[in-house]
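One structure below.
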Protein chains: 2
Amino acid sequence: MYADKEIQVGGYKTINMSEIKILIVEDEPIIAKNISMYLNNSDFTVSGIAYDADEAILQLQQNTPDAVILDINLDCEKDGIDIAAHINQGYHLPFLFLTSYSDKETLQRAKLVEPSGYIVKPFNERTLLASIEIAISNFAQKSNKDVPELKQEKINKHLLSPLSEREFSVVQYIYQGKTNNQVATDMFLSLNTIKVHIKNAYLKLDVPSRSMAMVRLRELMLK
Amino acid sequence: MYADKEIQVGGYKTINMSEIKILIVEDEPIIAKNISMYLNNSDFTVSGIAYDADEAILQLQQNTPDAVILDINLDCEKDGIDIAAHINQGYHLPFLFLTSYSDKETLQRAKLVEPSGYIVKPFNERTLLASIEIAISNFAQKSNKDVPELKQEKINKHLLSPLSEREFSVVQYIYQGKTNNQVATDMFLSLNTIKVHIKNAYLKLDVPSRSMAMVRLRELMLK
DNA sequence: TTTAAATTCATCCGAATGGGTGAATGCACT
DNA sequence: AGTGCATTCACCCATTCGGATGAATTTAAA
């Protein structure tokens with residue numbers, strides 16, 4: 001999603017924030033302008049300002065931003081949390097609440113839509129900007145985690161006997177669904193060798209099969 | 001992880017915030033006390049205050065909290081971001097940065113450890129409290145999604161030809177690492193029948209093997 | 001009622017996998 | 001020099017898996 005924006009994810013891509021478009025949903029024009037100014041002074045582009053829910057939904061559709069800043073109270077039938085729910089339903093975007101409301105009920109409702117941030121007015125500029133950056137970065141990383149990477153340290157921490165380098169390498173291929181032959185080819189090793197490593201890895205992982213190994217690895221990576 | 005804390009996740013559990021323990025890592029005692037007061041006035045418990053990285057690491061180990069507030073600058077060799085990395089490596093906890101530093105380099109480094117929040121001093125109390133609540137809530141929800149239960153609808157949404165009921169059932173067992181024989185036993189069906197369903201499921205999932213099916217399912221559930 | 005799809009089961013075959021035994025090499029540590 | 005460990009490879013065997021073909025039964029829709 002952010003491929004063309006070249007956001008830093010993991011440290012191997014260049015940053016180019018100037019193309020990151022933010023939609024502001026805020027019914028008070030003065031505050032909206034204020035936020036807008038902060039963003040423009042930084043490396044963001046304001047894709048639009050919506051003063052009510054309908055306008056926000058239209059903007060989302062016609063000029064889809066990369067992130068959204070939402071005021072919760074909007075003086076109309078739908079509020080910011082409703083818009084957030086709409087975003088979650090039809091888009092794949094991070095959003096932050098920037099609002100005066102921090103009462104228990106509102107917060108409770110807000111939690112359900114999983115906002116990337118919640119800033120209570122009066123806010124400070126640097127918190128706003130840092131929060132947006134973090135939100136976008138986390139969101140991008142989350143999207144990239146579709147194929148969660150195995151970490152040797154993390155796996156070994158939970159094993160009685162740790163996987164050796166080779167065993168871990170082989171296990172990574174297995175986690176990607178490769179066959180023994182593919183692993184052998186990719187690692188420039190004999191099929192027999194692969195089988196030995198796999199057998200030993202199963203011992204250490206305490207599993208009887210490839211499938212159970214995949215399940216075990218899934219679990220270990222989440223502990 | 002939060003089972004006994006009964007945090008609201010999705011609206012089906014009761015709230016009991018008083019047991020949620022927060023670790024504060026902050027080298028300035030006055031600010032630490034200040035944060036501590038805010039938390040205590042709210043529904044949180046301060047599990048400890050660490051004034052440096054070593055103390056933080058010890059606290060994490062001996063009195064593991066449910067969330068951590070981290071100042072980045074700590075006047076010692078390791079800073080808050082290092083502690084965050086340590087948390088990510090060995091624990092499964094949300095943390096927020098609450099710091100004076102918001103320069104580009106610091107923010108860049110902070111992004112890499114995926115903080116649940118980033119608040120720049122001077123901060124406002126309600127933003128702090130709301131941010132922690134949101135962080136913990138999101139983290140709990142995320143944990144629930146990390147072991148994604150297979151949902152037939154979700155899988156089928158991404159397939160040209162949808163899995164039938166039986167095929168989906170079989171696929172669930174496969175995702176759990178079961179062998180064909182185990183599936184047959186569990187479903188009170190012939191091994192031959194299981195094989196037919198699996199073969200057809202592979203066709204629809206467009207994969208050539210059990211392992212690739214597991215990978216595919218992992219991916220589909222995160223889309 | 002005919003058609004289509006889903007579900008059930010069988011037999012046969014080749015490929016992939018799991019496991020056992022044995023052995024050679026290199027490397028670090030004592 | 002000897003010990004242990006990781007790594008490499010070979011051969012053999014039993015089980016599991018993937019796939020092809022064929023067929024009976026049930027269910028849902030046209």
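Going through the structure tokens in order, the chains are called A, B, and so on, while each chain numbers its residues from 1 and the ligands are numbered from 1 in the order shown.
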Distance filter 8 Å, only C-alpha atoms (C1' of nucleotides), chain A against chain D, as a list of chain:residue names: A:Ser164, A:Ser190, A:Asn192, A:Thr193
Fit target chain A, mobile chain B, all Cα in order, as a short mmCIF file (atom, residue, chain, number, x, y, z; two decimals) with C-alpha atoms, in the first residue's frame:
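Result went into result.cif, see below:
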data_model
loop_
_atom_site.label_atom_id
_atom_site.label_comp_id
_atom_site.auth_asym_id
_atom_site.auth_seq_id
_atom_site.Cartn_x
_atom_site.Cartn_y
_atom_site.Cartn_z
CA MET B 1 3.19 0.51 1.70
CA TYR B 2 5.38 3.48 2.47
CA ALA B 3 8.17 2.35 0.22
CA ASP B 4 7.83 5.22 -2.18
CA LYS B 5 7.41 7.68 0.63
CA GLU B 6 10.78 6.81 2.01
CA ILE B 7 9.83 7.21 5.61
CA GLN B 8 12.51 6.65 8.15
CA VAL B 9 12.07 3.20 9.55
CA GLY B 10 15.01 1.95 11.44
CA GLY B 11 17.35 4.60 10.17
CA TYR B 12 18.21 3.25 6.77
CA LYS B 13 15.88 5.29 4.61
CA THR B 14 15.72 8.94 3.69
CA ILE B 15 12.98 11.16 4.97
CA ASN B 16 10.58 12.84 2.64
CA MET B 17 7.56 13.88 4.59
CA SER B 18 6.18 16.29 2.02
CA GLU B 19 4.45 13.48 0.20
CA ILE B 20 2.67 12.12 3.25
CA LYS B 21 -1.03 12.70 2.77
CA ILE B 22 -3.31 13.25 5.76
CA LEU B 23 -7.09 13.12 5.64
CA ILE B 24 -8.87 15.36 8.15
CA VAL B 25 -12.33 14.33 9.30
CA GLU B 26 -13.80 17.22 11.28
CA ASP B 27 -17.24 18.76 11.10
CA GLU B 28 -16.26 22.17 12.39
CA PRO B 29 -14.77 24.06 9.43
CA ILE B 30 -12.80 26.45 11.60
CA ILE B 31 -11.02 23.70 13.44
CA ALA B 32 -10.51 21.76 10.22
CA LYS B 33 -8.83 24.76 8.64
CA ASN B 34 -6.81 25.19 11.75
CA ILE B 35 -5.50 21.63 11.68
CA SER B 36 -4.96 21.92 7.97
CA MET B 37 -2.80 24.98 8.48
CA TYR B 38 -0.72 23.27 11.13
CA LEU B 39 -0.11 20.31 8.83
CA ASN B 40 0.76 22.44 5.84
CA ASN B 41 3.17 24.49 7.89
CA SER B 42 4.85 21.24 8.75
CA ASP B 43 5.97 18.55 6.35
CA PHE B 44 2.55 17.06 5.62
CA THR B 45 0.08 17.40 2.79
CA VAL B 46 -3.62 17.53 3.51
CA SER B 47 -5.23 15.10 1.08
CA GLY B 48 -8.70 16.31 1.93
CA ILE B 49 -11.13 17.50 4.58
CA ALA B 50 -14.28 15.52 5.21
CA TYR B 51 -17.10 17.15 7.12
CA ASP B 52 -19.11 13.97 7.63
CA ALA B 53 -18.75 10.19 7.60
CA ASP B 54 -19.92 9.65 4.02
CA GLU B 55 -17.49 12.20 2.70
CA ALA B 56 -14.75 10.56 4.75
CA ILE B 57 -15.48 7.12 3.33
CA LEU B 58 -15.52 8.52 -0.19
CA GLN B 59 -12.23 10.32 0.34
CA LEU B 60 -10.67 7.19 1.75
CA GLN B 61 -11.64 5.29 -1.36
CA GLN B 62 -10.91 7.84 -4.05
CA ASN B 63 -7.88 9.56 -2.58
CA THR B 64 -6.47 7.16 -0.05
CA PRO B 65 -4.33 9.05 2.45
CA ASP B 66 -1.40 7.78 4.50
CA ALA B 67 -2.96 8.66 7.83
CA VAL B 68 -6.23 10.05 9.14
CA ILE B 69 -7.14 12.57 11.84
CA LEU B 70 -10.60 11.88 13.19
CA ASP B 71 -12.95 13.98 15.23
CA ILE B 72 -15.25 11.60 17.08
CA ASN B 73 -18.42 13.67 17.18
CA LEU B 74 -19.66 14.40 13.65
CA ASP B 75 -23.34 15.33 13.90
CA CYS B 76 -24.48 12.46 11.74
CA GLU B 77 -25.52 8.85 12.22
CA LYS B 78 -21.95 7.55 11.94
CA ASP B 79 -19.28 9.03 14.16
CA GLY B 80 -15.50 9.05 14.06
CA ILE B 81 -15.17 5.72 15.80
CA ASP B 82 -17.37 4.12 13.14
CA ILE B 83 -15.07 5.56 10.49
CA ALA B 84 -12.11 4.16 12.38
CA ALA B 85 -13.72 0.73 12.32
CA HIS B 86 -14.27 1.15 8.60
CA ILE B 87 -10.60 2.00 8.14
CA ASN B 88 -9.52 -1.05 10.10
CA GLN B 89 -11.75 -3.24 8.01
CA GLY B 90 -10.80 -2.13 4.57
CA TYR B 91 -7.52 -0.27 4.84
CA HIS B 92 -4.17 -0.49 6.49
CA LEU B 93 -3.71 3.02 7.82
CA PRO B 94 -2.90 4.72 11.11
CA PHE B 95 -5.42 7.18 12.51
CA LEU B 96 -5.64 9.52 15.48
CA PHE B 97 -8.60 10.87 17.34
CA LEU B 98 -8.55 14.60 17.88
CA THR B 99 -11.71 15.34 19.76
CA SER B 100 -13.41 17.12 22.62
CA TYR B 101 -14.80 13.91 23.99
CA SER B 102 -12.85 12.10 26.69
CA ASP B 103 -15.61 10.59 28.80
CA LYS B 104 -15.25 6.98 29.90
CA GLU B 105 -17.76 5.50 27.48
CA THR B 106 -16.31 7.20 24.43
CA LEU B 107 -12.78 6.26 25.44
CA GLN B 108 -13.91 2.71 25.99
CA ARG B 109 -15.35 2.50 22.52
CA ALA B 110 -12.32 4.21 21.03
CA LYS B 111 -9.96 1.67 22.57
CA LEU B 112 -11.57 -1.11 20.60
CA VAL B 113 -10.52 0.31 17.24
CA GLU B 114 -6.91 0.71 18.37
CA PRO B 115 -6.21 4.33 17.49
CA SER B 116 -2.60 5.42 17.05
CA GLY B 117 -3.31 8.44 19.21
CA TYR B 118 -5.98 10.24 21.20
CA ILE B 119 -5.70 13.97 21.65
CA VAL B 120 -8.27 15.94 23.58
CA LYS B 121 -9.19 19.48 22.57
CA PRO B 122 -8.01 22.09 23.18
CA PHE B 123 -4.85 20.63 21.75
CA ASN B 124 -1.43 22.02 21.20
CA GLU B 125 0.07 22.12 17.75
CA ARG B 126 3.33 20.42 18.57
CA THR B 127 1.61 17.53 20.29
CA LEU B 128 -0.54 17.06 17.22
CA LEU B 129 2.39 17.06 14.81
CA ALA B 130 4.59 14.87 16.99
CA SER B 131 1.74 12.43 17.53
CA ILE B 132 1.15 12.06 13.80
CA GLU B 133 4.81 11.48 13.12
CA ILE B 134 5.05 8.90 15.85
CA ALA B 135 1.84 7.25 14.70
CA ILE B 136 3.01 6.91 11.12
CA SER B 137 6.44 5.75 12.15
CA ASN B 138 5.12 3.14 14.58
CA PHE B 139 2.59 1.96 12.05
CA ALA B 140 5.25 1.51 9.39
CA GLN B 141 7.45 -0.40 11.81
CA LYS B 142 4.53 -2.53 12.90
CA SER B 143 3.77 -3.39 9.28
CA ASN B 144 7.32 -4.52 8.88
CA LYS B 145 6.97 -6.78 11.86
CA ASP B 146 3.65 -8.22 10.84
CA VAL B 147 5.30 -10.29 8.17
CA PRO B 148 7.94 -11.45 10.53
CA GLU B 149 11.04 -12.70 8.94
CA LEU B 150 12.22 -15.71 10.85
CA LYS B 151 15.29 -14.93 12.90
CA GLN B 152 17.31 -17.89 14.04
CA GLU B 153 18.41 -16.16 17.24
CA LYS B 154 14.90 -15.20 18.16
CA ILE B 155 13.56 -18.69 17.56
CA ASN B 156 16.36 -20.41 19.41
CA LYS B 157 16.03 -18.11 22.40
CA HIS B 158 12.79 -19.86 23.22
CA LEU B 159 13.87 -23.42 22.56
CA LEU B 160 15.42 -25.92 24.95
CA SER B 161 17.62 -27.27 22.21
CA PRO B 162 18.47 -24.74 19.48
CA LEU B 163 17.93 -25.38 15.79
CA SER B 164 21.08 -26.04 13.82
CA GLU B 165 21.91 -24.01 10.71
CA ARG B 166 20.48 -26.55 8.33
CA GLU B 167 17.43 -27.17 10.42
CA PHE B 168 16.71 -23.47 10.53
CA SER B 169 17.12 -23.18 6.77
CA VAL B 170 14.65 -25.97 6.20
CA VAL B 171 12.25 -24.44 8.67
CA GLN B 172 12.34 -21.17 6.74
CA TYR B 173 11.19 -22.93 3.59
CA ILE B 174 8.45 -24.67 5.49
CA TYR B 175 7.31 -21.31 6.86
CA GLN B 176 6.98 -20.17 3.26
CA GLY B 177 4.69 -23.08 2.50
CA LYS B 178 7.14 -25.07 0.39
CA THR B 179 6.87 -28.85 0.09
CA ASN B 180 9.70 -31.17 1.05
CA ASN B 181 10.47 -31.70 -2.62
CA GLN B 182 10.71 -28.00 -3.31
CA VAL B 183 12.98 -27.53 -0.33
CA ALA B 184 15.20 -30.37 -1.52
CA THR B 185 15.46 -28.82 -4.98
CA ASP B 186 16.09 -25.32 -3.66
CA MET B 187 18.78 -26.49 -1.27
CA PHE B 188 20.35 -28.93 -3.73
CA LEU B 189 19.91 -31.78 -1.30
CA SER B 190 18.28 -35.18 -1.27
CA LEU B 191 14.66 -35.44 -0.22
CA ASN B 192 15.77 -37.88 2.46
CA THR B 193 18.11 -35.34 3.95
CA ILE B 194 15.37 -32.73 4.07
CA LYS B 195 13.14 -35.18 5.87
CA VAL B 196 15.77 -35.83 8.50
CA HIS B 197 16.29 -32.12 9.15
CA ILE B 198 12.57 -31.53 9.34
CA LYS B 199 12.05 -34.41 11.72
CA ASN B 200 14.76 -33.06 14.03
CA ALA B 201 13.39 -29.54 13.77
CA TYR B 202 9.95 -30.78 14.83
CA LEU B 203 11.52 -32.42 17.84
CA LYS B 204 13.16 -29.19 18.92
CA LEU B 205 10.10 -27.08 18.17
CA ASP B 206 8.05 -29.66 20.05
CA VAL B 207 5.45 -30.01 17.32
CA PRO B 208 4.01 -33.08 15.60
CA SER B 209 3.41 -31.67 12.14
CA ARG B 210 4.24 -29.10 9.51
CA SER B 211 1.12 -27.09 10.25
CA MET B 212 1.78 -26.93 13.96
CA ALA B 213 5.35 -25.92 13.19
CA MET B 214 4.04 -22.96 11.22
CA VAL B 215 1.82 -21.94 14.11
CA ARG B 216 4.67 -22.34 16.56
CA LEU B 217 7.00 -20.22 14.45
CA ARG B 218 4.36 -17.51 14.16
CA GLU B 219 4.13 -17.42 17.93
CA LEU B 220 7.85 -17.53 18.61
CA MET B 221 8.54 -14.62 16.30
CA LEU B 222 6.12 -12.41 18.19
CA LYS B 223 7.43 -13.13 21.67
#
Taking only C-alpha atoms (C1' of nucleotides) into account, which residues of chain C are within 9 Å of chain B, as a PyMOL selection string? chain C and resi 6-10
